[in-house]
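Engineer: What follows is protein_19.txt, made up of compact mmCIF, C-alpha atoms:
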# COMPACT_ATOMS: atom_id res chain seq x y z
CA MET A 1 126.42 112.74 118.47
CA ASP A 2 124.99 109.25 118.12
CA ARG A 3 123.97 108.99 121.78
CA PHE A 4 122.24 112.34 121.63
CA HIS A 5 120.63 111.34 118.38
CA ASP A 6 119.46 107.98 119.70
CA ASN A 7 118.29 109.24 123.08
CA VAL A 8 116.86 112.61 122.20
CA LEU A 9 116.52 113.42 118.51
CA ALA A 10 115.30 110.00 117.36
CA ARG A 11 112.64 110.04 120.05
CA LEU A 12 111.16 113.32 118.95
CA PRO A 13 107.50 112.76 118.20
CA LYS A 14 106.41 113.35 114.63
CA ALA A 15 103.57 115.63 113.69
CA GLU A 16 100.57 113.73 112.34
CA PRO A 17 98.60 115.04 109.37
CA PRO A 18 95.14 116.32 110.36
CA PRO A 19 92.25 113.96 109.46
CA GLY A 20 91.09 116.33 106.72
CA VAL A 21 94.46 116.18 105.00
CA ASP A 22 94.52 112.38 105.24
CA ALA A 23 90.98 112.20 103.85
CA ASN A 24 91.88 114.41 100.88
CA VAL A 25 94.94 112.36 100.04
CA ILE A 26 93.06 109.05 100.33
CA ALA A 27 90.28 110.43 98.11
CA ALA A 28 92.86 111.51 95.53
CA ILE A 29 94.50 108.09 95.64
CA ARG A 30 91.17 106.33 95.06
CA ALA A 31 90.15 108.72 92.28
CA GLU A 32 93.47 108.23 90.53
CA ALA A 33 93.22 104.44 90.91
CA ARG A 34 89.76 104.58 89.31
CA ARG A 35 91.11 106.73 86.48
CA SER A 36 94.02 104.39 86.08
CA GLY A 37 91.64 101.42 85.95
CA MET A 38 89.47 103.22 83.40
CA ARG A 39 92.49 104.09 81.28
CA LYS A 40 93.54 100.47 81.36
CA PHE A 41 90.00 99.32 80.49
CA SER A 42 89.77 101.86 77.66
CA MET A 43 93.14 100.80 76.32
CA ARG A 44 92.07 97.15 76.39
CA ALA A 45 88.75 97.98 74.73
CA LEU A 46 90.55 100.01 72.08
CA MET A 47 92.99 97.22 71.41
CA ALA A 48 90.16 94.67 71.25
CA ALA A 49 88.25 96.89 68.81
CA ALA A 50 91.34 97.37 66.66
CA PHE A 51 92.00 93.64 66.64
CA ALA A 52 88.37 92.92 65.73
CA ALA A 53 88.49 95.45 62.90
CA ILE A 54 91.67 93.94 61.51
CA LEU A 55 90.24 90.43 61.80
CA LEU A 56 87.02 91.48 60.11
CA SER A 57 88.81 93.17 57.25
CA VAL A 58 90.99 90.10 56.71
CA VAL A 59 87.99 87.75 56.73
CA ASN A 60 86.00 90.09 54.54
CA PHE A 61 88.83 90.39 52.07
CA ARG A 62 89.31 86.64 51.84
CA PHE A 63 85.61 85.81 51.80
CA GLY A 64 84.69 88.68 49.50
CA ALA A 65 87.43 87.81 47.04
CA GLY A 66 86.21 84.21 47.06
CA LEU A 67 82.69 85.28 46.34
CA ASN A 68 83.81 87.48 43.48
CA GLU A 69 85.77 84.65 41.94
CA VAL A 70 82.82 82.28 42.18
CA ASP A 71 80.34 84.81 40.94
CA THR A 72 82.47 85.87 38.05
CA SER A 73 83.23 82.39 36.88
CA ALA A 74 79.67 81.25 37.41
CA ILE A 75 78.33 84.13 35.38
CA ALA A 76 80.89 83.54 32.66
CA GLU A 77 80.08 79.86 32.64
CA GLU A 78 76.40 80.53 32.51
CA GLU A 79 76.81 83.01 29.70
CA GLY A 80 78.94 80.49 27.83
CA ASP A 81 76.29 77.80 28.23
CA ILE A 82 73.62 80.14 27.01
CA MET A 83 75.69 81.03 24.01
CA LEU A 84 76.32 77.39 23.25
CA ASP A 85 72.62 76.69 23.57
CA ILE A 86 71.85 79.53 21.21
CA ILE A 87 74.43 78.37 18.74
CA GLY A 88 73.14 74.84 19.04
CA LEU A 89 69.59 76.00 18.54
CA ALA A 90 70.50 78.09 15.60
CA SER A 91 72.53 75.29 14.17
CA SER A 92 69.82 72.74 14.58
CA ALA A 93 67.37 75.04 12.95
CA ASP A 94 69.82 75.41 10.06
CA LEU A 95 69.17 79.02 10.09
CA TYR A 96 72.65 80.29 10.56
CA ASP A 97 76.17 79.13 10.31
CA VAL A 98 77.11 77.62 13.65
CA SER A 99 80.40 79.38 13.53
CA ASP A 100 78.69 82.72 13.23
CA VAL A 101 78.12 83.64 16.80
CA ASP A 102 76.96 87.13 16.01
CA ALA A 103 74.36 85.73 13.70
CA ALA A 104 73.17 83.33 16.36
CA ASP A 105 72.96 86.21 18.76
CA GLY A 106 70.87 88.12 16.26
CA TYR A 107 68.63 85.10 15.83
CA VAL A 108 67.94 84.89 19.50
CA LEU A 109 67.24 88.60 19.65
CA GLY A 110 64.85 88.07 16.76
CA LEU A 111 63.08 85.34 18.71
CA LEU A 112 62.71 87.66 21.66
CA MET B 1 120.96 95.82 95.42
CA PRO B 2 117.75 97.47 96.66
CA ALA B 3 116.54 96.81 100.21
CA ALA B 4 113.55 94.55 100.81
CA SER B 5 111.41 97.52 101.79
CA GLU B 6 112.23 99.22 98.48
CA ILE B 7 111.20 96.08 96.60
CA ASP B 8 107.95 96.14 98.57
CA ASP B 9 107.48 99.82 97.77
CA ASP B 10 108.07 99.19 94.07
CA ARG B 11 105.61 96.31 94.09
CA LEU B 12 103.00 98.54 95.76
CA VAL B 13 103.50 101.24 93.13
CA ARG B 14 103.03 98.67 90.36
CA LEU B 15 99.85 97.39 92.00
CA PHE B 16 98.54 100.94 92.30
CA VAL B 17 99.28 101.69 88.65
CA ALA B 18 97.34 98.51 87.81
CA GLY B 19 94.33 100.05 89.59
CA ASP B 20 94.65 98.91 93.21
CA PRO B 21 94.13 101.94 95.51
CA SER B 22 94.98 100.00 98.68
CA ALA B 23 98.58 99.65 97.47
CA MET B 24 99.11 103.42 97.43
CA GLU B 25 97.18 103.75 100.67
CA SER B 26 99.74 101.40 102.24
CA LEU B 27 102.57 103.58 100.97
CA TYR B 28 100.79 106.67 102.23
CA SER B 29 100.28 105.09 105.62
CA LYS B 30 103.97 104.19 105.76
CA TYR B 31 105.32 107.65 104.91
CA ARG B 32 102.56 110.11 105.84
CA ALA B 33 103.85 111.06 109.29
CA GLN B 34 107.45 111.37 108.08
CA VAL B 35 106.46 113.64 105.22
CA TYR B 36 104.01 115.74 107.19
CA SER B 37 106.28 116.14 110.19
CA TRP B 38 109.19 117.11 107.96
CA LEU B 39 106.99 119.64 106.18
CA VAL B 40 105.67 121.14 109.42
CA HIS B 41 109.22 121.85 110.52
CA THR B 42 110.39 122.95 107.08
CA VAL B 43 107.64 125.10 105.57
CA GLY B 44 105.65 125.67 108.75
CA MET B 45 102.38 124.37 110.15
CA GLU B 46 100.33 126.76 108.03
CA ASP B 47 101.59 125.47 104.69
CA ALA B 48 102.41 121.88 105.66
CA GLY B 49 98.93 120.52 104.93
CA ASP B 50 98.78 122.05 101.44
CA VAL B 51 102.27 120.96 100.46
CA HIS B 52 101.67 117.49 101.92
CA GLN B 53 98.54 117.05 99.81
CA GLU B 54 100.20 118.49 96.73
CA ALA B 55 103.16 116.17 97.14
CA TRP B 56 100.98 113.08 97.41
CA LEU B 57 98.86 114.21 94.47
CA ARG B 58 102.04 114.39 92.41
CA VAL B 59 103.05 110.97 93.64
CA VAL B 60 99.76 109.33 92.68
CA ARG B 61 99.50 111.15 89.34
CA SER B 62 103.03 110.38 88.27
CA ALA B 63 103.18 106.88 89.72
CA SER B 64 102.90 105.41 86.21
CA SER B 65 106.10 107.19 85.23
CA TYR B 66 108.00 105.89 88.29
CA ARG B 67 110.64 103.54 86.96
CA GLY B 68 111.32 101.70 90.19
CA GLY B 69 114.45 101.36 92.24
CA ASN B 70 114.01 103.68 95.21
CA PHE B 71 110.52 104.92 95.96
CA ARG B 72 111.61 106.69 99.13
CA ALA B 73 114.20 108.77 97.30
CA TRP B 74 111.66 109.55 94.55
CA LEU B 75 109.03 110.57 97.09
CA TRP B 76 111.44 112.80 99.00
CA ARG B 77 112.64 114.48 95.83
CA ILE B 78 109.05 115.47 95.09
CA VAL B 79 108.42 116.62 98.67
CA ARG B 80 111.69 118.56 98.91
CA ASN B 81 111.18 120.31 95.56
CA LEU B 82 107.71 121.43 96.59
CA ALA B 83 109.00 122.59 99.96
CA ILE B 84 111.76 124.59 98.28
CA ASP B 85 109.19 126.21 95.97
CA ARG B 86 107.01 127.06 98.95
CA SER B 87 109.91 128.29 101.06
CA ARG B 88 110.91 130.74 98.34
CA LEU B 89 107.62 132.48 98.97
CA ALA B 90 107.85 132.25 102.75
CA ARG B 91 109.48 134.68 105.13
CA PRO B 92 113.07 133.89 106.10
CA GLN B 93 113.33 132.38 109.56
CA VAL B 94 115.60 133.61 112.30
CA SER B 95 118.87 131.72 112.49
CA LEU B 96 120.32 130.58 115.79
CA ASP B 97 123.60 132.22 114.85
CA GLU B 98 122.21 135.63 113.94
CA PRO B 99 122.13 138.38 116.60
CA LEU B 100 118.57 139.15 117.65
CA GLY B 101 118.81 142.81 118.67
CA GLY B 102 121.41 144.21 116.31
CA GLU B 103 125.18 143.97 116.23
CA GLU B 104 125.83 145.62 119.63
CA ASP B 105 123.49 143.24 121.47
CA GLY B 106 125.25 140.09 120.34
CA GLN B 107 122.70 137.74 121.91
CA THR B 108 121.63 135.04 119.45
CA ALA B 109 118.46 133.02 119.34
CA LEU B 110 120.48 130.10 120.68
CA ASP B 111 121.68 132.15 123.67
CA MET B 112 118.14 133.19 124.46
CA LEU B 113 116.86 129.67 124.00
CA GLU B 114 119.51 128.27 126.31
CA SER B 115 118.99 130.87 129.01
CA GLU B 116 115.23 130.51 128.87
CA ALA B 117 115.42 126.77 128.81
CA ALA B 118 117.74 126.58 131.82
CA GLY B 119 115.89 125.61 134.94
CA VAL B 120 112.53 125.15 133.30
CA LEU B 121 113.20 122.14 131.14
CA GLU B 122 113.51 119.80 134.12
CA ARG B 123 109.95 120.67 135.13
CA MET B 124 108.68 119.90 131.69
CA ASP B 125 107.35 116.61 130.47
CA GLU B 126 108.68 114.89 127.40
CA ARG B 127 106.25 116.64 125.10
CA GLU B 128 107.22 120.04 126.30
CA ARG B 129 110.90 119.19 126.00
CA ALA B 130 110.23 118.03 122.47
CA THR B 131 108.65 121.38 121.77
CA ILE B 132 111.75 123.19 123.06
CA LEU B 133 113.97 120.99 120.91
CA ARG B 134 111.74 121.51 117.88
CA ASP B 135 111.97 125.26 118.41
CA ALA B 136 115.74 124.96 118.61
CA ILE B 137 115.82 122.95 115.39
CA ALA B 138 113.63 125.56 113.71
CA THR B 139 116.19 128.26 114.35
CA LEU B 140 119.22 126.33 113.09
CA PRO B 141 120.89 127.65 109.94
CA PRO B 142 118.92 126.32 106.94
CA LEU B 143 121.52 123.82 105.71
CA GLN B 144 122.03 122.33 109.17
CA LYS B 145 118.32 122.29 109.79
CA GLU B 146 117.73 120.45 106.54
CA VAL B 147 120.12 117.68 107.53
CA VAL B 148 118.65 117.38 111.03
CA LEU B 149 115.09 117.19 109.75
CA PHE B 150 115.91 114.63 107.09
CA ARG B 151 117.60 112.60 109.80
CA VAL B 152 114.94 113.03 112.48
CA ASP B 153 111.66 113.19 110.56
CA ALA B 154 112.43 111.42 107.29
CA GLU B 155 114.62 108.86 109.09
CA MET B 156 117.17 108.98 106.29
CA THR B 157 120.71 107.78 106.45
CA PHE B 158 123.44 110.37 105.92
CA ALA B 159 124.23 108.76 102.58
CA GLU B 160 120.60 109.19 101.51
CA ILE B 161 120.62 112.82 102.60
CA ALA B 162 123.83 113.40 100.67
CA ALA B 163 122.34 111.83 97.53
CA LEU B 164 119.05 113.72 97.81
CA THR B 165 120.60 117.12 98.42
CA GLY B 166 123.52 116.60 96.07
CA THR B 167 125.96 117.34 98.87
CA PRO B 168 129.19 115.45 99.67
CA LEU B 169 128.74 113.00 102.52
CA ASN B 170 131.43 114.66 104.63
CA THR B 171 129.66 118.00 104.31
CA VAL B 172 126.40 116.44 105.45
CA LEU B 173 128.14 114.85 108.42
CA GLY B 174 129.80 118.17 109.26
CA ARG B 175 126.48 120.01 109.17
CA MET B 176 124.92 117.41 111.43
CA ARG B 177 127.85 117.60 113.84
CA HIS B 178 127.54 121.40 114.12
CA ALA B 179 123.77 121.21 114.47
CA VAL B 180 123.84 118.52 117.13
CA LYS B 181 126.47 120.48 119.07
CA LYS B 182 124.16 123.47 119.20
CA LEU B 183 121.06 121.43 119.99
CA LYS B 184 122.83 119.34 122.58
CA GLY B 185 124.18 122.41 124.32
CA ALA B 186 120.80 124.07 124.47
CA PHE B 187 119.04 120.93 125.54
CA GLU B 188 121.47 119.64 128.17
CA ARG B 189 122.02 123.00 129.80
CA GLY B 190 118.30 123.42 129.97
CA ILE B 191 117.69 120.04 131.55
CA ASN B 192 120.51 120.36 134.07
CA GLY B 193 119.46 123.85 135.02
Translate this structure into C-alpha cells?

Structural biologist:
Amino acid sequence: MDRFHDNVLARLPKAEPPPGVDANVIAAIRAEARRSGMRKFSMRALMAAAFAAILLSVVNFRFGAGLNEVDTSAIAEEEGDIMLDIIGLASSADLYDVSDVDAADGYVLGLL
Amino acid sequence: MPAASEIDDDRLVRLFVAGDPSAMESLYSKYRAQVYSWLVHTVGMEDAGDVHQEAWLRVVRSASSYRGGNFRAWLWRIVRNLAIDRSRLARPQVSLDEPLGGEEDGQTALDMLESEAAGVLERMDERERATILRDAIATLPPLQKEVVLFRVDAEMTFAEIAALTGTPLNTVLGRMRHAVKKLKGAFERGING
C-alpha cells in the first residue's frame, strides 16, 4: 500500500484553482482585513472617547466642586463684610442698636 | 505539542485578525491547491470553484473566532462541511462496486475501467495515467473515496483523517487498504497490458 501510495497516489497532480477563483478569494481576504482593521480602529477610537469622557467628567467634578466651594464662601464672606460694614455704619451714626441687624438692614435700605 | 507549521499557521491567523492581509494570503497560498483539488474530486469540477470560495470566505470571516491549535484541522472541517452540504444536493455518483447494466450483467465500473485501461495505459503519458487514476478514485465507494482524497489531495495523516471524520483509525486504515487494492489492480493491470 505504501509503495503504491508513494509511487503513484502521492504523485498525482493536484487541480489548481482557476485565476478568477484565486482573485475572488484574495479580494475577500483583503476586504476582510480592511474591515478588521477598521473594527480595530473604531474600537480604539471608542475606547479613547470613553476614556476622555470619564477623564473630563472627573476633572469637571473636581474643578467644578472647587469653584462652587470658593464661590459660595466668597459670597458668604462678602455678604458678611457688607453686613458688618452696615452695622458699623449704623452704629457709628448712633441711629440703631448695633445688635439689631434687622434695623441696620432697614437703615441701609432707607439710604438706598 | 503542536507542530512548527501549526504554530506558524496560528501566528498567521493572528496577524490577519490584526489587519494584515498578507498573512491570510500566505495561508491561502499554502492550502489553495489542496483544498481545490480535494473539492474537484469530491463535489465535482462544476461546484468546486463555488465551494472553494465559500470555504475561504468562511475562513476569513471567522478567523477572529479561531482559538488556535490546529488551523489545518479547522480549515478542513469547514471545507468538508460545505462539501457535504453541496453533495447532498448533487447526484449520487456511480460506485466501482455497483453493477453498471443491472443485476444480470454483473460488470462493475471497476471491471470496465480495468478492461478499458488494459493495453492503453502504457501508451499514455503521466498526465493521462493520472486522469485514469482520478477517474478510478471518483468511482470508489464514498467512504473509501473520502479517505483516499484526504490522503492524496489534503495530504493528511490517517490519524488526522480519523479525527476529522470521527472514524476509528483502524476503520480508516481498512478503507484505505480496500481502496488502494482496487486502484492498484486497475492501474497495474492497465499499465502491464

Engineer: Any idea what's packed within 10 Å of region 156-173 of chain B, counting only C-alpha atoms, ignoring anything in its chain fewer than 6 positions away? Could you give it as a CSV table (one decimal) with C-alpha atoms, in the coordinates of the input?

Structural biologist:
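Output file result-v2.csv is given in full below:
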chain,number,residue,atom,x,y,z
B,72,ARG,CA,111.6,106.7,99.1
B,73,ALA,CA,114.2,108.8,97.3
B,74,TRP,CA,111.7,109.6,94.6
B,76,TRP,CA,111.4,112.8,99.0
B,77,ARG,CA,112.6,114.5,95.8
B,80,ARG,CA,111.7,118.6,98.9
B,143,LEU,CA,121.5,123.8,105.7
B,144,GLN,CA,122.0,122.3,109.2
B,146,GLU,CA,117.7,120.4,106.5
B,147,VAL,CA,120.1,117.7,107.5
B,148,VAL,CA,118.6,117.4,111.0
B,149,LEU,CA,115.1,117.2,109.8
B,150,PHE,CA,115.9,114.6,107.1
B,179,ALA,CA,123.8,121.2,114.5

Engineer: Would you mind telling me which residue in B:Leu82, B:Val59, B:Ala154, B:Ala33 lies nearest to chain A when using all atoms listed in the file?

Structural biologist: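 When distances to chain A are compared using all atoms listed in the file, the smallest one comes from B:Ala33.
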
Engineer: Report, in Å to a single decimal, how far apart CA of Leu46 (chain A) and CA of Phe16 (chain B) are.

Structural biologist: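 Separation of CA of Phe16 (chain B) and CA of Leu46 (chain A): 21.8 Å.
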
Engineer: Between B:Arg67, B:Arg134, B:Arg86, B:Arg14, which has the minimum distance to chain A (counting all atoms listed in the file)?

Structural biologist: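 Among the listed residues, the smallest separation from chain A belongs to B:Arg134.
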
Engineer: Looking at all atoms listed in the file, which of A:Met47, A:Val59, A:Ala27, A:Leu12 is the one that sits closest to chain B?

Structural biologist: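 Of all the options, A:Leu12 lies closest to chain B.
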
Engineer: Residues of chain B near chain A: apply a cut-off of 6 Å, count all atoms listed in the file, and supply the list as a list in words.

Structural biologist: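 In the required form, that comes to Gly19, Pro21, Ala33, Tyr36, Ser37, Gln53, Ala130 and Val152 of chain B.
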
Engineer: Distance CA of Thr139 (chain B)-CA of Trp56 (chain B), one decimal place?

Structural biologist: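 Distance reported for this atom pair: 27.4 Å.
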
Engineer: Can you work out which one of B:Ala55, B:Met24, B:Leu133, B:Leu140 has the shortest atom-to-atom distance to Leu39 (chain B), counting all atoms listed in the file?

Structural biologist: B:Ala55

Engineer: Mind listing as a list in words all residues within 12 Å of (107.0, 104.6, 86.8), counting all atoms listed in the file?

Structural biologist: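 All residues meeting the 12 Å criterion around (107.0, 104.6, 86.8) are Asp9, Asp10, Arg11, Leu12, Val13, Arg14, Leu15, Phe16, Val17, Ala18, Val59, Val60, Arg61, Ser62, Ala63, Ser64, Ser65, Tyr66, Arg67, Gly68, Gly69, Asn70, Phe71 and Trp74 of chain B.
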
Engineer: Could you tell me how far CA of Met176 (chain B) lies from CA of Leu27 (chain B), in Å and to one decimal?

Structural biologist: 28.3 Å
